[in-house]
Amino acid sequence: MNKQLTSLVLAALVAPAAVLAGATPLSLQQVNDAQQAWCDSLVNIAKTYAAGGDYKTVAGAVLSNQYNYDKGTVLFRPTLAFGDQTFRLDKEGAAAYFIGGNPKYPNDDGFALKPWVSCRYTNAGGDAGVLIDGDFAATMGNVFITDAKGNETVVDKFFLFKRGDDAKLRIIVHKSALPFKPNWSARRRAALAGLY
């Protein structure tokens, strides 16, 4: 799987800029707008759920409009997924992660159903964390999600967007992870520092 993901990412990043002859080059603003749209969509699902609205329809629209599931393959590694359901290669698996309720995915309780009230992103190194080539854009950075109590969750994100025939950017690769926080013993820290 990792070799396939690497090949897809590398192929996307080195694709010639003239893939769509005469197409307007993607701009940094378009890529940043697509990232903010993802953030806004996550909050919209949460707020719709909290208000007792039709969050399932909202989530389905997010997966159709923000992701490429309806037009092709998406490689999705959700933040809190694990085991044999770590990767979500179809819309059903992605929906289960976001809104839960699918017996095929018993460990999913609906990440998007948490009481999120705001979401923002940053790109690694400022806008240096955005690579644009032809109809593809890769972003790496953090997403900051705040709940109704003011608690903020930080998630490391990698998105690969592809511009479709309709000129809309959709996610074709989404990898999320909680930031690594080592909890090493004093002995381990000393060994790494060459003091042991």
# chains A, B, ... in the order shown; residues from 1 in each chain; ligands from 1
>>> select_by_dssp(residues="region 79-194 of chain A", states="alpha helix (DSSP H)", output="list in words")
Lys91, Glu92, Gly93, Ala94, Ala95, Ala96, Tyr97, Phe98, Ile99, Ala186, Arg187, Arg188, Arg189, Ala190, Ala191 and Leu192 of chain A
>>> write_last_selection(atoms="C-alpha atoms", output="JSON list (two decimals), in the first residue's frame")
[["chain", "number", "residue", "atom", "x", "y", "z"],
["A", 91, "LYS", "CA", -17.20, 6.30, 0.18],
["A", 92, "GLU", "CA", -18.97, 3.92, 2.58],
["A", 93, "GLY", "CA", -15.84, 3.56, 4.74],
["A", 94, "ALA", "CA", -15.24, 7.30, 4.73],
["A", 95, "ALA", "CA", -18.86, 8.00, 5.71],
["A", 96, "ALA", "CA", -18.59, 5.49, 8.55],
["A", 97, "TYR", "CA", -15.57, 7.33, 9.90],
["A", 98, "PHE", "CA", -17.22, 10.74, 9.73],
["A", 99, "ILE", "CA", -20.73, 9.87, 10.96],
["A", 186, "ALA", "CA", 15.02, 9.32, 31.49],
["A", 187, "ARG", "CA", 17.19, 6.34, 30.53],
["A", 188, "ARG", "CA", 15.97, 6.44, 26.93],
["A", 189, "ARG", "CA", 16.48, 10.23, 26.69],
["A", 190, "ALA", "CA", 20.02, 9.82, 28.09],
["A", 191, "ALA", "CA", 20.76, 7.04, 25.60],
["A", 192, "LEU", "CA", 19.60, 9.19, 22.69]]
>>> select_by_dssp(residues="region 27-193 of chain A", states="strand (DSSP E or B)", output="ChimeraX atom specification")
/A:67,75-77,88,116-123,130-133,136-147,152-163,169-177
>>> closest_residue(among="A:Leu63, A:Met140, A:Ile172, A:Leu178", to="Thr153 (chain A)", atoms="only C-alpha atoms")
A:Leu178
>>> residues_around(residues="Phe159 (chain A)", least_positions_apart="5", cutoff="7 Å", atoms="only C-alpha atoms", output="JSON, numbers by chain")
{"A": [138, 139, 140, 171, 173, 174, 175]}
>>> closest_residue(among="A:Asn68, A:Thr79, A:Asn142, A:Thr86", to="Asp156 (chain A)", atoms="only C-alpha atoms")
A:Asn142
>>> closest_atom_pairs(of="region 131-172 of chain A", to="region 28-47 of chain A", cutoff="10 Å", atoms="only C-alpha atoms", output="JSON lines")
{"residue": "A:Leu131", "atom": "CA", "partner": "A:Leu28", "partner_atom": "CA", "distance": 8.8}
{"residue": "A:Ile132", "atom": "CA", "partner": "A:Leu28", "partner_atom": "CA", "distance": 7.8}
{"residue": "A:Phe136", "atom": "CA", "partner": "A:Val31", "partner_atom": "CA", "distance": 9.5}
{"residue": "A:Ala137", "atom": "CA", "partner": "A:Val31", "partner_atom": "CA", "distance": 6.9}
{"residue": "A:Ala138", "atom": "CA", "partner": "A:Val31", "partner_atom": "CA", "distance": 8.6}
{"residue": "A:Thr139", "atom": "CA", "partner": "A:Val31", "partner_atom": "CA", "distance": 8.3}
{"residue": "A:Val143", "atom": "CA", "partner": "A:Cys39", "partner_atom": "CA", "distance": 8.0}
{"residue": "A:Phe144", "atom": "CA", "partner": "A:Cys39", "partner_atom": "CA", "distance": 9.0}
{"residue": "A:Ile145", "atom": "CA", "partner": "A:Cys39", "partner_atom": "CA", "distance": 8.3}
{"residue": "A:Thr146", "atom": "CA", "partner": "A:Val43", "partner_atom": "CA", "distance": 9.4}
{"residue": "A:Asp147", "atom": "CA", "partner": "A:Val43", "partner_atom": "CA", "distance": 9.5}
{"residue": "A:Phe159", "atom": "CA", "partner": "A:Gln35", "partner_atom": "CA", "distance": 8.5}
{"residue": "A:Leu160", "atom": "CA", "partner": "A:Val31", "partner_atom": "CA", "distance": 10.0}
{"residue": "A:Phe161", "atom": "CA", "partner": "A:Val31", "partner_atom": "CA", "distance": 8.0}
{"residue": "A:Lys168", "atom": "CA", "partner": "A:Ala34", "partner_atom": "CA", "distance": 8.8}
{"residue": "A:Leu169", "atom": "CA", "partner": "A:Ala34", "partner_atom": "CA", "distance": 6.6}
{"residue": "A:Arg170", "atom": "CA", "partner": "A:Ala34", "partner_atom": "CA", "distance": 7.9}
{"residue": "A:Ile171", "atom": "CA", "partner": "A:Ala34", "partner_atom": "CA", "distance": 8.9}
>>> closest_residue(among="A:Ala167, A:Gly134, A:Val62, A:Gly72", to="Pro25 (chain A)", atoms="only C-alpha atoms")
A:Gly134
>>> atom_distance(atom1="CA of Asn65 (chain A)", atom2="CA of Lys162 (chain A)")
12.2 Å
>>> residues_around(residues="Asp109 (chain A)", least_positions_apart="2", cutoff="10 Å", atoms="only C-alpha atoms", output="JSON, numbers by chain")
{"A": [96, 97, 98, 99, 100, 101, 102, 105, 106, 107, 111, 112, 113, 114]}
>>> write_last_selection(atoms="N, CA and C atoms", output="PDB file, in the first residue's frame")
ATOM      1  N   ALA A  96     -18.577   6.136   7.239  1.00  0.00           N
ATOM      2  CA  ALA A  96     -18.588   5.490   8.554  1.00  0.00           C
ATOM      3  C   ALA A  96     -17.660   6.214   9.516  1.00  0.00           C
ATOM      4  N   TYR A  97     -16.504   6.617   9.032  1.00  0.00           N
ATOM      5  CA  TYR A  97     -15.571   7.330   9.904  1.00  0.00           C
ATOM      6  C   TYR A  97     -16.154   8.670  10.346  1.00  0.00           C
ATOM      7  N   PHE A  98     -16.717   9.409   9.405  1.00  0.00           N
ATOM      8  CA  PHE A  98     -17.218  10.739   9.733  1.00  0.00           C
ATOM      9  C   PHE A  98     -18.501  10.726  10.566  1.00  0.00           C
ATOM     10  N   ILE A  99     -19.436   9.810  10.264  1.00  0.00           N
ATOM     11  CA  ILE A  99     -20.728   9.870  10.957  1.00  0.00           C
ATOM     12  C   ILE A  99     -21.113   8.596  11.706  1.00  0.00           C
ATOM     13  N   GLY A 100     -20.280   7.571  11.664  1.00  0.00           N
ATOM     14  CA  GLY A 100     -20.573   6.345  12.409  1.00  0.00           C
ATOM     15  C   GLY A 100     -21.831   5.648  11.918  1.00  0.00           C
ATOM     16  N   GLY A 101     -22.349   4.733  12.756  1.00  0.00           N
ATOM     17  CA  GLY A 101     -23.611   4.080  12.465  1.00  0.00           C
ATOM     18  C   GLY A 101     -23.573   2.967  11.450  1.00  0.00           C
ATOM     19  N   ASN A 102     -22.407   2.533  11.027  1.00  0.00           N
ATOM     20  CA  ASN A 102     -22.316   1.466  10.041  1.00  0.00           C
ATOM     21  C   ASN A 102     -21.770   0.219  10.742  1.00  0.00           C
ATOM     22  N   TYR A 105     -18.281  -1.106  10.331  1.00  0.00           N
ATOM     23  CA  TYR A 105     -17.189  -0.346  10.952  1.00  0.00           C
ATOM     24  C   TYR A 105     -17.556  -0.088  12.417  1.00  0.00           C
ATOM     25  N   PRO A 106     -17.534  -1.139  13.244  1.00  0.00           N
ATOM     26  CA  PRO A 106     -18.028  -1.021  14.623  1.00  0.00           C
ATOM     27  C   PRO A 106     -17.211  -0.084  15.522  1.00  0.00           C
ATOM     28  N   ASN A 107     -15.994   0.238  15.139  1.00  0.00           N
ATOM     29  CA  ASN A 107     -15.169   1.118  15.975  1.00  0.00           C
ATOM     30  C   ASN A 107     -15.348   2.599  15.655  1.00  0.00           C
ATOM     31  N   PHE A 111     -16.466  10.788  13.884  1.00  0.00           N
ATOM     32  CA  PHE A 111     -15.543  11.871  14.207  1.00  0.00           C
ATOM     33  C   PHE A 111     -16.179  13.242  13.958  1.00  0.00           C
ATOM     34  N   ALA A 112     -16.939  13.379  12.890  1.00  0.00           N
ATOM     35  CA  ALA A 112     -17.542  14.666  12.553  1.00  0.00           C
ATOM     36  C   ALA A 112     -18.750  14.996  13.417  1.00  0.00           C
ATOM     37  N   LEU A 113     -19.197  14.056  14.234  1.00  0.00           N
ATOM     38  CA  LEU A 113     -20.369  14.295  15.088  1.00  0.00           C
ATOM     39  C   LEU A 113     -19.992  14.859  16.451  1.00  0.00           C
ATOM     40  N   LYS A 114     -18.718  14.998  16.691  1.00  0.00           N
ATOM     41  CA  LYS A 114     -18.288  15.606  17.948  1.00  0.00           C
ATOM     42  C   LYS A 114     -18.709  17.080  17.923  1.00  0.00           C
TER      43      LYS A 114
END
>>> atom_distance(atom1="CA of Lys56 (chain A)", atom2="CA of Thr73 (chain A)")
21.4 Å
>>> closest_residue(among="A:Leu75, A:Val155, A:Ala51, A:Ala148", to="Arg88 (chain A)", atoms="only C-alpha atoms")
A:Leu75
>>> atom_distance(atom1="CA of Ser118 (chain A)", atom2="CA of Gly60 (chain A)")
20.1 Å
>>> decode(residues="region 61-193 of chain A", atoms="C-alpha atoms", output="mmCIF file, in the first residue's frame")
data_model
loop_
_atom_site.group_PDB
_atom_site.id
_atom_site.type_symbol
_atom_site.label_atom_id
_atom_site.label_comp_id
_atom_site.auth_asym_id
_atom_site.auth_seq_id
_atom_site.Cartn_x
_atom_site.Cartn_y
_atom_site.Cartn_z
ATOM 1 C CA ALA A 61 -22.574 15.931 0.079
ATOM 2 C CA VAL A 62 -19.195 16.581 1.711
ATOM 3 C CA LEU A 63 -17.867 13.246 0.468
ATOM 4 C CA SER A 64 -19.148 14.040 -3.042
ATOM 5 C CA ASN A 65 -18.010 17.663 -3.162
ATOM 6 C CA GLN A 66 -14.761 17.631 -1.158
ATOM 7 C CA TYR A 67 -13.536 14.129 -2.042
ATOM 8 C CA ASN A 68 -13.159 12.323 -5.362
ATOM 9 C CA TYR A 69 -15.142 9.193 -4.379
ATOM 10 C CA ASP A 70 -17.834 9.762 -7.042
ATOM 11 C CA LYS A 71 -15.247 10.203 -9.804
ATOM 12 C CA GLY A 72 -12.424 7.846 -8.881
ATOM 13 C CA THR A 73 -10.279 6.397 -6.157
ATOM 14 C CA VAL A 74 -9.490 8.142 -2.881
ATOM 15 C CA LEU A 75 -6.778 7.004 -0.489
ATOM 16 C CA PHE A 76 -7.965 8.001 2.992
ATOM 17 C CA ARG A 77 -6.173 7.262 6.245
ATOM 18 C CA PRO A 78 -8.383 8.706 9.020
ATOM 19 C CA THR A 79 -6.809 9.994 12.211
ATOM 20 C CA LEU A 80 -8.379 7.540 14.656
ATOM 21 C CA ALA A 81 -8.849 4.465 12.458
ATOM 22 C CA PHE A 82 -6.823 1.344 13.229
ATOM 23 C CA GLY A 83 -6.331 -2.350 12.528
ATOM 24 C CA ASP A 84 -7.804 -3.832 9.380
ATOM 25 C CA GLN A 85 -9.977 -0.728 8.914
ATOM 26 C CA THR A 86 -7.153 1.822 9.014
ATOM 27 C CA PHE A 87 -7.560 2.769 5.345
ATOM 28 C CA ARG A 88 -10.824 3.857 3.706
ATOM 29 C CA LEU A 89 -10.755 3.366 -0.036
ATOM 30 C CA ASP A 90 -14.478 3.795 -0.646
ATOM 31 C CA LYS A 91 -17.201 6.296 0.179
ATOM 32 C CA GLU A 92 -18.966 3.918 2.581
ATOM 33 C CA GLY A 93 -15.843 3.559 4.736
ATOM 34 C CA ALA A 94 -15.244 7.303 4.735
ATOM 35 C CA ALA A 95 -18.857 8.000 5.711
ATOM 36 C CA ALA A 96 -18.588 5.490 8.554
ATOM 37 C CA TYR A 97 -15.571 7.330 9.904
ATOM 38 C CA PHE A 98 -17.218 10.739 9.733
ATOM 39 C CA ILE A 99 -20.728 9.870 10.957
ATOM 40 C CA GLY A 100 -20.573 6.345 12.409
ATOM 41 C CA GLY A 101 -23.611 4.080 12.465
ATOM 42 C CA ASN A 102 -22.316 1.466 10.041
ATOM 43 C CA PRO A 103 -22.116 -2.056 11.509
ATOM 44 C CA LYS A 104 -19.318 -2.909 9.059
ATOM 45 C CA TYR A 105 -17.189 -0.346 10.952
ATOM 46 C CA PRO A 106 -18.028 -1.021 14.623
ATOM 47 C CA ASN A 107 -15.169 1.118 15.975
ATOM 48 C CA ASP A 108 -16.334 4.295 14.234
ATOM 49 C CA ASP A 109 -18.389 6.600 16.409
ATOM 50 C CA GLY A 110 -18.525 9.549 14.031
ATOM 51 C CA PHE A 111 -15.543 11.871 14.207
ATOM 52 C CA ALA A 112 -17.542 14.666 12.553
ATOM 53 C CA LEU A 113 -20.369 14.295 15.088
ATOM 54 C CA LYS A 114 -18.288 15.606 17.948
ATOM 55 C CA PRO A 115 -19.315 19.109 19.086
ATOM 56 C CA TRP A 116 -16.904 20.918 16.756
ATOM 57 C CA VAL A 117 -17.537 24.659 16.479
ATOM 58 C CA SER A 118 -14.525 25.840 14.487
ATOM 59 C CA CYS A 119 -11.744 24.512 12.309
ATOM 60 C CA ARG A 120 -8.712 26.134 10.740
ATOM 61 C CA TYR A 121 -5.580 24.910 9.003
ATOM 62 C CA THR A 122 -1.960 25.916 8.567
ATOM 63 C CA ASN A 123 0.472 24.780 5.917
ATOM 64 C CA ALA A 124 3.924 23.559 6.928
ATOM 65 C CA GLY A 125 6.438 26.370 6.545
ATOM 66 C CA GLY A 126 3.696 28.804 5.631
ATOM 67 C CA ASP A 127 2.810 28.377 2.016
ATOM 68 C CA ALA A 128 6.001 26.373 1.420
ATOM 69 C CA GLY A 129 3.861 23.415 2.554
ATOM 70 C CA VAL A 130 1.839 23.629 -0.661
ATOM 71 C CA LEU A 131 3.066 22.074 -3.910
ATOM 72 C CA ILE A 132 1.156 22.773 -7.123
ATOM 73 C CA ASP A 133 1.820 21.058 -10.436
ATOM 74 C CA GLY A 134 -0.685 21.036 -13.250
ATOM 75 C CA ASP A 135 -4.048 19.850 -11.967
ATOM 76 C CA PHE A 136 -2.637 18.536 -8.689
ATOM 77 C CA ALA A 137 -1.895 20.245 -5.398
ATOM 78 C CA ALA A 138 -0.370 18.654 -2.308
ATOM 79 C CA THR A 139 -0.597 20.244 1.129
ATOM 80 C CA MET A 140 1.002 19.284 4.410
ATOM 81 C CA GLY A 141 0.399 20.955 7.736
ATOM 82 C CA ASN A 142 -1.956 21.017 10.675
ATOM 83 C CA VAL A 143 -5.672 21.296 11.236
ATOM 84 C CA PHE A 144 -6.900 22.845 14.499
ATOM 85 C CA ILE A 145 -10.411 21.804 15.524
ATOM 86 C CA THR A 146 -12.144 23.429 18.491
ATOM 87 C CA ASP A 147 -15.080 21.902 20.358
ATOM 88 C CA ALA A 148 -17.952 23.619 22.162
ATOM 89 C CA LYS A 149 -15.988 23.688 25.431
ATOM 90 C CA GLY A 150 -13.051 25.467 23.818
ATOM 91 C CA ASN A 151 -10.784 22.409 23.702
ATOM 92 C CA GLU A 152 -8.555 22.368 20.654
ATOM 93 C CA THR A 153 -7.435 19.214 18.868
ATOM 94 C CA VAL A 154 -4.445 19.413 16.539
ATOM 95 C CA VAL A 155 -4.126 16.930 13.687
ATOM 96 C CA ASP A 156 -1.273 16.513 11.200
ATOM 97 C CA LYS A 157 -2.712 16.492 7.672
ATOM 98 C CA PHE A 158 -1.589 15.639 4.177
ATOM 99 C CA PHE A 159 -4.013 16.327 1.338
ATOM 100 C CA LEU A 160 -3.539 15.679 -2.359
ATOM 101 C CA PHE A 161 -6.107 17.520 -4.452
ATOM 102 C CA LYS A 162 -6.928 16.905 -8.096
ATOM 103 C CA ARG A 163 -8.741 19.392 -10.310
ATOM 104 C CA GLY A 164 -11.627 17.682 -12.080
ATOM 105 C CA ASP A 165 -13.250 18.323 -15.443
ATOM 106 C CA ASP A 166 -15.610 20.699 -13.615
ATOM 107 C CA ALA A 167 -12.551 22.715 -12.424
ATOM 108 C CA LYS A 168 -13.285 21.804 -8.778
ATOM 109 C CA LEU A 169 -10.500 20.614 -6.497
ATOM 110 C CA ARG A 170 -11.279 17.319 -4.788
ATOM 111 C CA ILE A 171 -9.232 15.275 -2.354
ATOM 112 C CA ILE A 172 -7.705 12.097 -3.783
ATOM 113 C CA VAL A 173 -5.317 11.420 -0.858
ATOM 114 C CA HIS A 174 -6.026 12.316 2.766
ATOM 115 C CA LYS A 175 -3.691 11.197 5.526
ATOM 116 C CA SER A 176 -4.297 12.287 9.099
ATOM 117 C CA ALA A 177 -2.420 11.580 12.312
ATOM 118 C CA LEU A 178 -2.241 12.919 15.816
ATOM 119 C CA PRO A 179 1.084 14.687 16.410
ATOM 120 C CA PHE A 180 3.725 12.421 17.913
ATOM 121 C CA LYS A 181 4.388 13.153 21.578
ATOM 122 C CA PRO A 182 7.213 10.995 22.902
ATOM 123 C CA ASN A 183 6.930 9.793 26.466
ATOM 124 C CA TRP A 184 10.414 8.466 26.910
ATOM 125 C CA SER A 185 11.998 7.423 30.138
ATOM 126 C CA ALA A 186 15.017 9.324 31.491
ATOM 127 C CA ARG A 187 17.195 6.344 30.534
ATOM 128 C CA ARG A 188 15.971 6.442 26.935
ATOM 129 C CA ARG A 189 16.484 10.233 26.686
ATOM 130 C CA ALA A 190 20.016 9.816 28.090
ATOM 131 C CA ALA A 191 20.765 7.038 25.601
ATOM 132 C CA LEU A 192 19.598 9.190 22.694
ATOM 133 C CA ALA A 193 21.729 12.064 23.975
#
